[in-house]
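Containing mmCIF, C-alpha atoms and all ligand atoms: structure19.cif.
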data_entry
loop_
_atom_site.label_atom_id
_atom_site.label_comp_id
_atom_site.auth_asym_id
_atom_site.auth_seq_id
_atom_site.Cartn_x
_atom_site.Cartn_y
_atom_site.Cartn_z
CA MET A 1 26.96 -10.84 29.30
CA ASN A 2 27.66 -14.58 29.19
CA GLU A 3 29.67 -16.46 26.57
CA ASN A 4 26.73 -18.38 25.05
CA TYR A 5 23.09 -17.64 24.40
CA ASP A 6 20.25 -19.32 22.59
CA VAL A 7 19.60 -16.07 20.75
CA VAL A 8 21.54 -12.86 20.34
CA VAL A 9 19.32 -10.02 19.22
CA VAL A 10 21.29 -7.31 17.44
CA GLY A 11 19.47 -4.00 17.86
CA GLY A 12 17.32 -2.93 20.79
CA GLY A 13 14.63 -0.90 19.04
CA PRO A 14 10.95 -1.92 19.07
CA ALA A 15 11.52 -4.91 16.77
CA GLY A 16 14.46 -6.27 18.74
CA LEU A 17 12.93 -5.78 22.18
CA ALA A 18 9.62 -7.34 21.14
CA GLY A 19 11.48 -10.35 19.71
CA ALA A 20 13.56 -10.60 22.87
CA LEU A 21 10.48 -10.43 25.11
CA CYS A 22 8.84 -13.29 23.29
CA LEU A 23 12.00 -15.41 23.37
CA VAL A 24 12.89 -14.83 27.00
CA ARG A 25 9.30 -15.63 28.01
CA ALA A 26 9.77 -18.86 26.01
CA ARG A 27 12.61 -19.59 28.47
CA ARG A 28 15.35 -19.01 25.93
CA THR A 29 18.59 -17.39 27.01
CA VAL A 30 18.66 -14.02 25.26
CA LEU A 31 21.16 -11.23 24.85
CA VAL A 32 20.25 -7.90 23.24
CA VAL A 33 23.16 -5.82 21.97
CA ASP A 34 22.08 -2.29 21.20
CA ALA A 35 23.97 0.67 19.76
CA GLY A 36 21.34 3.00 21.22
CA ALA A 37 20.42 5.05 18.14
CA PRO A 38 16.84 4.15 17.18
CA ARG A 39 15.63 5.78 14.00
CA ASN A 40 13.03 8.03 15.60
CA ASP A 41 15.43 9.26 18.28
CA PRO A 42 15.48 12.84 16.88
CA ALA A 43 11.68 13.10 17.24
CA GLU A 44 10.23 14.46 20.46
CA HIS A 45 7.16 12.23 20.36
CA MET A 46 6.07 8.89 18.95
CA HIS A 47 2.67 8.76 17.26
CA ASN A 48 0.26 6.13 15.94
CA TYR A 49 1.26 3.56 18.54
CA LEU A 50 -2.08 2.56 19.97
CA GLY A 51 -2.16 3.14 23.71
CA ARG A 52 1.12 5.08 23.78
CA ASP A 53 0.49 7.83 21.23
CA GLY A 54 2.55 10.92 22.09
CA ASP A 55 5.09 9.18 24.34
CA ALA A 56 8.76 10.05 23.98
CA PRO A 57 10.34 7.39 21.71
CA GLY A 58 12.80 6.46 24.46
CA ALA A 59 10.04 5.74 26.99
CA LEU A 60 8.77 2.72 25.05
CA LEU A 61 12.29 1.32 24.74
CA ALA A 62 13.13 1.93 28.41
CA ASP A 63 9.96 0.04 29.41
CA GLY A 64 10.81 -2.73 26.94
CA ARG A 65 14.30 -3.11 28.36
CA ALA A 66 12.90 -3.29 31.89
CA GLU A 67 10.40 -5.95 30.83
CA ILE A 68 12.94 -8.23 29.16
CA THR A 69 15.56 -7.90 31.90
CA GLY A 70 12.77 -8.66 34.40
CA TYR A 71 12.45 -12.08 32.75
CA GLY A 72 16.21 -12.62 32.78
CA ALA A 73 17.41 -11.38 29.38
CA ASP A 74 20.73 -9.56 29.24
CA VAL A 75 21.11 -6.21 27.51
CA VAL A 76 24.44 -4.63 26.68
CA ASP A 77 25.17 -1.31 25.03
CA GLY A 78 27.41 -1.84 22.04
CA THR A 79 27.66 -2.42 18.32
CA VAL A 80 27.97 -5.83 16.70
CA VAL A 81 30.44 -5.45 13.84
CA SER A 82 30.51 -9.01 12.57
CA ALA A 83 28.97 -12.44 12.91
CA ARG A 84 30.38 -15.69 11.62
CA ALA A 85 28.70 -19.05 11.25
CA THR A 86 30.90 -21.57 13.07
CA GLY A 87 29.70 -24.46 10.98
CA GLU A 88 28.71 -26.43 14.07
CA GLY A 89 25.26 -27.95 14.15
CA GLY A 90 23.28 -29.48 16.96
CA CYS A 91 22.70 -27.43 20.04
CA ASP A 92 26.17 -25.95 20.13
CA ALA A 93 26.65 -22.31 19.38
CA ARG A 94 26.45 -21.69 15.67
CA PHE A 95 27.48 -18.07 15.42
CA ASP A 96 30.36 -16.06 16.79
CA LEU A 97 29.51 -12.39 17.10
CA THR A 98 32.08 -9.68 17.66
CA LEU A 99 31.37 -6.29 19.18
CA GLU A 100 33.17 -3.10 18.25
CA ASP A 101 34.90 -3.00 21.65
CA GLY A 102 36.39 -6.46 21.02
CA ARG A 103 33.98 -8.47 23.18
CA SER A 104 32.58 -11.63 21.60
CA VAL A 105 29.63 -13.91 22.22
CA ARG A 106 28.20 -17.11 20.78
CA ALA A 107 24.61 -17.82 19.82
CA ARG A 108 22.53 -20.61 18.36
CA ARG A 109 20.42 -18.09 16.45
CA VAL A 110 20.83 -14.43 15.51
CA LEU A 111 17.95 -12.00 15.23
CA ILE A 112 19.00 -8.82 13.41
CA THR A 113 16.80 -5.79 14.10
CA THR A 114 19.25 -3.01 13.30
CA GLY A 115 16.76 -0.74 11.54
CA LEU A 116 17.80 1.55 8.71
CA THR A 117 19.60 4.82 8.11
CA ASP A 118 17.74 7.77 6.63
CA GLU A 119 19.99 9.35 4.00
CA LEU A 120 18.80 12.93 3.62
CA PRO A 121 19.06 15.07 0.47
CA ASP A 122 22.32 17.00 0.41
CA VAL A 123 20.92 20.43 1.23
CA PRO A 124 22.62 22.47 3.99
CA GLY A 125 20.58 22.75 7.18
CA LEU A 126 18.34 19.70 6.69
CA ALA A 127 20.28 17.26 8.86
CA GLN A 128 20.42 19.57 11.89
CA ARG A 129 16.62 19.81 12.01
CA TRP A 130 15.77 16.22 11.03
CA GLY A 131 12.83 14.82 12.98
CA ARG A 132 11.84 18.24 14.30
CA ASP A 133 10.75 20.49 11.41
CA VAL A 134 12.43 18.53 8.62
CA ILE A 135 10.09 15.59 8.28
CA HIS A 136 9.19 12.76 5.93
CA CYS A 137 6.21 10.83 7.28
CA PRO A 138 2.77 12.46 7.43
CA TYR A 139 1.50 9.75 9.77
CA CYS A 140 4.31 10.48 12.25
CA HIS A 141 4.29 14.30 12.01
CA GLY A 142 1.35 15.47 9.87
CA TRP A 143 -1.04 16.18 12.74
CA GLU A 144 1.58 18.28 14.55
CA TRP A 145 2.12 20.40 11.41
CA ARG A 146 -1.54 20.61 10.37
CA ASP A 147 -2.61 23.88 8.72
CA GLU A 148 1.00 25.19 8.69
CA PRO A 149 2.80 26.26 5.48
CA LEU A 150 4.85 23.24 4.37
CA THR A 151 7.42 22.94 1.57
CA VAL A 152 8.02 19.59 -0.09
CA LEU A 153 11.60 19.25 -1.36
CA GLY A 154 11.44 17.28 -4.62
CA THR A 155 14.23 14.77 -5.13
CA GLY A 156 12.55 12.13 -7.26
CA PRO A 157 9.45 11.13 -9.20
CA THR A 158 7.43 10.58 -6.00
CA ALA A 159 7.62 14.29 -5.04
CA VAL A 160 4.20 15.06 -6.52
CA GLN A 161 2.66 12.15 -4.62
CA GLN A 162 4.33 13.32 -1.38
CA ALA A 163 2.95 16.85 -1.87
CA GLN A 164 -0.54 15.46 -2.54
CA LEU A 165 -0.32 13.29 0.59
CA PHE A 166 0.65 16.19 2.87
CA ARG A 167 -2.23 18.23 1.39
CA GLN A 168 -4.43 16.07 3.64
CA TRP A 169 -2.92 17.86 6.64
CA SER A 170 -2.37 21.39 5.32
CA HIS A 171 -3.94 23.51 2.60
CA ASP A 172 -0.67 25.50 2.31
CA ILE A 173 1.72 23.22 0.41
CA THR A 174 4.49 24.27 -1.98
CA LEU A 175 6.44 21.77 -4.04
CA VAL A 176 9.99 22.94 -4.74
CA GLN A 177 11.18 20.86 -7.65
CA HIS A 178 14.88 20.83 -6.70
CA THR A 179 16.20 17.65 -8.42
CA ALA A 180 12.80 16.02 -9.10
CA PRO A 181 11.71 15.58 -12.72
CA ASP A 182 9.25 18.10 -14.14
CA PRO A 183 5.67 17.11 -13.31
CA ASP A 184 3.85 15.90 -16.42
CA ASP A 185 0.61 17.50 -17.62
CA ASP A 186 -1.59 15.19 -15.54
CA GLU A 187 0.45 15.86 -12.40
CA ARG A 188 0.38 19.62 -13.00
CA ALA A 189 -3.41 19.45 -13.34
CA GLN A 190 -3.63 17.45 -10.09
CA LEU A 191 -1.37 19.90 -8.20
CA SER A 192 -3.37 22.84 -9.48
CA ALA A 193 -6.70 21.19 -8.58
CA LEU A 194 -5.45 20.69 -5.00
CA GLY A 195 -4.08 24.23 -4.78
CA ILE A 196 -0.48 23.05 -4.44
CA ALA A 197 2.05 25.61 -5.69
CA CYS A 198 4.92 24.25 -7.77
CA VAL A 199 8.20 26.18 -7.81
CA SER A 200 11.06 25.26 -10.14
CA GLY A 201 14.68 25.72 -9.06
CA GLU A 202 17.15 24.06 -6.73
CA ALA A 203 17.26 24.60 -2.98
CA SER A 204 20.47 25.95 -1.47
CA GLY A 205 19.65 25.77 2.24
CA VAL A 206 17.19 25.94 5.09
CA GLU A 207 16.57 29.43 6.44
CA VAL A 208 16.25 29.42 10.24
CA VAL A 209 15.19 32.34 12.43
CA ASP A 210 15.02 32.05 16.24
CA ASP A 211 15.43 28.27 16.00
CA ARG A 212 12.40 27.97 13.70
CA ILE A 213 12.38 27.29 9.98
CA ALA A 214 11.46 30.47 8.11
CA GLY A 215 11.71 28.99 4.63
CA LEU A 216 13.67 27.15 2.00
CA ARG A 217 16.26 29.30 0.20
CA LEU A 218 16.70 28.66 -3.52
CA VAL A 219 19.90 28.95 -5.55
CA SER A 220 18.22 31.90 -7.32
CA GLY A 221 18.17 33.71 -3.96
CA ASP A 222 14.38 33.50 -3.62
CA LEU A 223 12.94 32.33 -0.31
CA VAL A 224 9.99 29.93 -0.21
CA PRO A 225 8.45 30.68 3.20
CA CYS A 226 7.38 27.67 5.27
CA ARG A 227 7.37 26.30 8.82
CA ALA A 228 8.54 22.78 7.99
CA VAL A 229 10.28 21.05 5.09
CA VAL A 230 9.16 17.66 3.84
CA VAL A 231 11.86 15.41 2.36
CA VAL A 232 12.02 11.91 0.94
CA PRO A 233 15.11 10.23 2.45
CA ARG A 234 16.80 7.22 0.90
CA PHE A 235 16.51 4.29 3.30
CA ALA A 236 19.72 2.27 3.72
CA VAL A 237 20.44 -0.79 5.83
CA SER A 238 23.80 -0.66 7.58
CA SER A 239 26.10 -3.18 6.04
CA ARG A 240 29.09 -4.26 8.16
CA LEU A 241 27.26 -6.96 10.07
CA ILE A 242 25.12 -7.85 7.08
CA ASP A 243 28.18 -8.18 4.83
CA SER A 244 30.00 -10.33 7.37
CA LEU A 245 27.17 -12.86 7.20
CA ALA A 246 26.96 -12.58 3.40
CA LEU A 247 23.26 -11.78 3.76
CA SER A 248 21.58 -10.78 0.51
CA THR A 249 20.20 -7.28 0.20
CA ALA A 250 17.73 -5.95 -2.34
CA GLN A 251 16.72 -2.54 -3.64
CA GLU A 252 13.18 -1.24 -3.42
CA GLU A 253 12.15 1.07 -6.26
CA GLU A 254 9.17 3.27 -6.90
CA LYS A 255 8.59 4.83 -10.33
CA GLY A 256 12.13 3.75 -11.25
CA HIS A 257 13.61 5.65 -8.30
CA ALA A 258 15.61 3.97 -5.52
CA VAL A 259 13.55 4.01 -2.32
CA GLY A 260 16.19 2.12 -0.36
CA SER A 261 17.85 -1.19 0.44
CA TYR A 262 16.65 -3.95 2.73
CA VAL A 263 17.36 -7.56 3.68
CA PRO A 264 14.74 -9.80 2.02
CA SER A 265 13.09 -12.29 4.35
CA ALA A 266 10.40 -14.94 4.56
CA PRO A 267 7.14 -14.00 6.33
CA THR A 268 8.63 -15.58 9.47
CA GLY A 269 11.74 -13.35 9.29
CA GLY A 270 14.01 -16.13 8.01
CA THR A 271 16.83 -15.08 5.67
CA ASP A 272 18.93 -16.92 3.11
CA VAL A 273 21.43 -17.71 5.89
CA PRO A 274 20.02 -20.53 8.05
CA GLY A 275 19.76 -19.46 11.69
CA VAL A 276 19.77 -15.73 10.91
CA TYR A 277 16.48 -13.85 11.21
CA VAL A 278 15.51 -10.22 10.57
CA ALA A 279 12.62 -8.02 11.70
CA GLY A 280 11.60 -4.38 11.59
CA ASN A 281 12.98 -1.71 9.28
CA VAL A 282 16.02 -3.78 8.30
CA THR A 283 13.68 -5.93 6.20
CA ASP A 284 10.58 -3.73 5.91
CA LEU A 285 11.39 -0.12 5.01
CA HIS A 286 7.83 1.01 5.70
CA ALA A 287 7.25 -0.52 9.13
CA GLN A 288 6.35 2.06 11.74
CA VAL A 289 6.98 1.40 15.44
CA LEU A 290 3.90 -0.72 16.06
CA ALA A 291 4.51 -2.79 12.91
CA ALA A 292 8.21 -3.20 13.78
CA ALA A 293 7.32 -4.43 17.27
CA ALA A 294 4.71 -6.81 15.83
CA ALA A 295 7.27 -8.17 13.37
CA GLY A 296 9.75 -8.68 16.21
CA LEU A 297 7.18 -10.72 18.12
CA LYS A 298 6.22 -12.80 15.09
CA THR A 299 9.85 -13.48 14.24
CA GLY A 300 10.63 -14.31 17.86
CA THR A 301 8.06 -17.12 17.72
CA ALA A 302 9.63 -18.42 14.51
CA VAL A 303 13.09 -18.43 16.10
CA ASN A 304 11.73 -20.39 19.05
CA THR A 305 10.07 -22.92 16.72
CA ASP A 306 13.37 -23.32 14.87
CA LEU A 307 15.20 -23.94 18.17
CA LEU A 308 12.50 -26.43 19.25
CA ALA A 309 13.14 -28.47 16.12
CA GLU A 310 16.83 -28.61 16.94
CA ASP A 311 16.10 -29.48 20.58
CA LEU A 312 13.87 -32.30 19.35
CA ASP A 313 16.59 -33.67 17.07
CA ARG A 314 18.97 -33.69 20.00
CA ALA A 315 16.43 -35.40 22.26
CA LEU A 316 15.82 -38.09 19.61
CA ALA A 317 19.56 -38.59 19.15
CA GLY A 318 19.81 -39.04 22.94
CA HIS A 319 17.33 -41.89 22.55
CA GLY A 320 19.37 -43.49 19.80
CA ARG A 321 17.01 -42.19 17.10
CA THR A 322 18.02 -39.83 14.32
C1 LIG A 401 12.28 11.28 12.51
C2 LIG A 401 11.42 10.03 12.58
C3 LIG A 401 10.24 10.05 13.31
C4 LIG A 401 9.46 8.91 13.37
N1 LIG A 401 8.29 8.96 14.07
C5 LIG A 401 7.52 7.86 14.15
C6 LIG A 401 6.27 7.90 14.84
O1 LIG A 401 5.86 8.94 15.36
N2 LIG A 401 5.54 6.75 14.89
C7 LIG A 401 5.96 5.60 14.29
O2 LIG A 401 5.25 4.59 14.38
N3 LIG A 401 7.12 5.54 13.62
C8 LIG A 401 7.91 6.63 13.54
N4 LIG A 401 9.10 6.58 12.87
C9 LIG A 401 9.55 5.28 12.32
C10 LIG A 401 10.26 4.48 13.44
O3 LIG A 401 11.43 5.15 13.81
C11 LIG A 401 10.57 3.06 12.96
O4 LIG A 401 9.36 2.46 12.56
C12 LIG A 401 11.16 2.19 14.06
O5 LIG A 401 12.23 2.85 14.68
C13 LIG A 401 11.61 0.85 13.50
O6 LIG A 401 12.02 0.02 14.56
P1 LIG A 401 13.25 -0.99 14.40
O7 LIG A 401 13.30 -1.73 15.69
O8 LIG A 401 13.16 -1.73 13.15
O9 LIG A 401 14.57 -0.06 14.26
P2 LIG A 401 15.14 1.06 15.23
O10 LIG A 401 14.09 1.62 16.10
O11 LIG A 401 15.88 2.02 14.36
O12 LIG A 401 16.15 0.28 16.18
C14 LIG A 401 17.33 -0.28 15.69
C15 LIG A 401 18.32 -0.34 16.83
O13 LIG A 401 19.45 -1.14 16.44
C16 LIG A 401 20.64 -0.47 16.82
N5 LIG A 401 21.73 -0.95 15.96
C17 LIG A 401 21.95 -0.67 14.65
N6 LIG A 401 23.03 -1.34 14.21
C18 LIG A 401 23.49 -2.06 15.27
C19 LIG A 401 24.57 -2.95 15.45
N7 LIG A 401 25.38 -3.27 14.43
N8 LIG A 401 24.78 -3.50 16.69
C20 LIG A 401 23.94 -3.19 17.70
N9 LIG A 401 22.89 -2.35 17.59
C21 LIG A 401 22.67 -1.80 16.39
C22 LIG A 401 20.31 1.00 16.64
O14 LIG A 401 21.22 1.82 17.34
C23 LIG A 401 18.88 1.04 17.21
O15 LIG A 401 18.88 1.22 18.60
C24 LIG A 401 9.88 7.72 12.74
C25 LIG A 401 11.07 7.71 12.00
C26 LIG A 401 11.82 8.85 11.90
C27 LIG A 401 13.10 8.83 11.08
#

As structure tokens, what does this structure read like?
Amino acid sequence: MNENYDVVVVGGGPAGLAGALCLVRARRTVLVVDAGAPRNDPAEHMHNYLGRDGDAPGALLADGRAEITGYGADVVDGTVVSARATGEGGCDARFDLTLEDGRSVRARRVLITTGLTDELPDVPGLAQRWGRDVIHCPYCHGWEWRDEPLTVLGTGPTAVQQAQLFRQWSHDITLVQHTAPDPDDDERAQLSALGIACVSGEASGVEVVDDRIAGLRLVSGDLVPCRAVVVVPRFAVSSRLIDSLALSTAQEEEKGHAVGSYVPSAPTGGTDVPGVYVAGNVTDLHAQVLAAAAAGLKTGTAVNTDLLAEDLDRALAGHGRT
């Protein structure tokens, strides 16, 4: 790790590595700092990534790291805790970034690709099985759980929609209402038409037998048998680094329910702090791996264009023109 880079990429998931690849191939000096906890880490396989469907999530990232270091980018394991605009313009470093272990580095531009945190419903047993047989995304896991008995844990007004969506993959779906509002008459008719059972009552825990989910236990003591539990997490962007830069965040809502927080950005990944860019789940809660990587690439090109403009200003100033 050097003292200065054109770009420091914070986060080495698919968005960050794709951005870094584009920038290092554009002959920018690039450092990727990565805390090493990509969102899909608990999952055994990565799906819906054309050409790599079924790979282990880590395999894509290991290949990405090898590709960017092959072009001369640096990668360090660590967590960036803060970044500060130095106020300097021109081609001098504009941001000071500090890592948790006390190391620091300067950059002309910062690309934040730190992803999001999935905040799970507070039901005992869910967290331990997250990404295995506690799932949220039918496109990531639906095929693997096709035709199995699935229970959807209701925690908000989108529970009915989630149950209807998973019905595409299994005919054996039960919606446990838990903390979700009562379905209205139309929703009850829809659930019934699709053969989706609706059970009222709160869940008290996940029942596991021989390291497999046997069902969802209710406070009443009843067991709703199933092989996997579907949840709707709240998506949250981590905030220490974001707060240090005073980046704005926004809340996404669906049917009046908080889906999660994100950093708003322009289509090019630009934020309300000049020189700071975002890509992937930190700004798009719904981006899957392929979309996150694509966003990283697109934002990488925008960062390079931004740097080119600054390089041009400097070249003109060198010729006595401003
Ligand atoms: C259980 C599960 C299974 C999934 N399965 C699939 C699937 O099969 N197919 C699919 O397309 N999508 C899947 N997804 C979605 C997928 O995980 C995301 O689309 C993808 O990870 C987003 O990429 P990203 O680069 O934005 O963020 P991430 O992949 O989360 O990468 C962010 C990186 O930044 C690091 N980081 C965070 N903060 C800091 C910091 N301050 N300093 C340094 N580094 C930091 C993190 O440790 C991490 O390595 C799944 C998600 C989950 C939760």

Distance filter 7 Å around ligand LIG 401 (chain A), atoms: all atoms listed in the file, out as a PyMOL selection string: chain A and resi 10-16+33-43+45-49+78-81+113-116+118+130-131+135+140-141+238+241+279-282+287-290+292-293

Do a neighbour search on region 171-187 of chain A at 9 Å with only C-alpha atoms, toss out local chain neighbours closer than 2 positions, and write the hits as JSON, numbers by chain. {"A": [146, 147, 148, 149, 150, 151, 152, 153, 154, 155, 156, 157, 158, 159, 160, 161, 163, 164, 166, 167, 168, 169, 189, 190, 191, 192, 194, 195, 196, 197, 198, 199, 200, 201, 202, 203, 216, 218, 224, 226]}

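If all atoms listed in the file are the atoms counted, then among A:Val9, A:Asp210, A:Cys22, A:Leu50 the closest residue to Ala291 (chain A) is A:Leu50.
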
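Between CA of Glu3 (chain A) and CA of Ala107 (chain A) lies a distance of 8.5 Å.
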
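Shortest separation to Val263 (chain A) among A:Arg234, A:Pro225, A:Ile112, A:Gly54 occurs at residue A:Ile112, atoms counted being all atoms listed in the file.
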
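Atom pair CA of Asp243 (chain A) / CA of Arg65 (chain A): separated by 27.8 Å.
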
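The interatomic distance for the pair CA of Asp63 (chain A) and CA of Ala302 (chain A) works out to 23.7 Å.
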
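Checking A:Leu126, A:Gly300, A:Glu119, A:Ile242 one by one against Arg25 (chain A), counting only C-alpha atoms, you find the shortest gap at A:Gly300.
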
So which residues touch Thr268 (chain A) within 10 Å, counting all atoms listed in the file, skipping near sequence neighbours fewer than 5 positions away, as a compact mmCIF listing (two decimals) with C-alpha atoms, in the frame of the given file?
# COMPACT_ATOMS: atom_id res chain seq x y z
CA TYR A 277 16.48 -13.85 11.21
CA VAL A 278 15.51 -10.22 10.57
CA ALA A 279 12.62 -8.02 11.70
CA ALA A 295 7.27 -8.17 13.37
CA GLY A 296 9.75 -8.68 16.21
CA LYS A 298 6.22 -12.80 15.09
CA THR A 299 9.85 -13.48 14.24
CA GLY A 300 10.63 -14.31 17.86
CA THR A 301 8.06 -17.12 17.72
CA ALA A 302 9.63 -18.42 14.51
CA VAL A 303 13.09 -18.43 16.10

From the list A:Gln128, A:Ser104, A:Ser82, A:Ser204, the nearest residue to Ser239 (chain A) using all atoms listed in the file is A:Ser82

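Candidate residues A:Gly72, A:Gly221, A:Gly275, A:His286 were compared for distance to Tyr139 (chain A), and the nearest is A:His286, using all atoms listed in the file.
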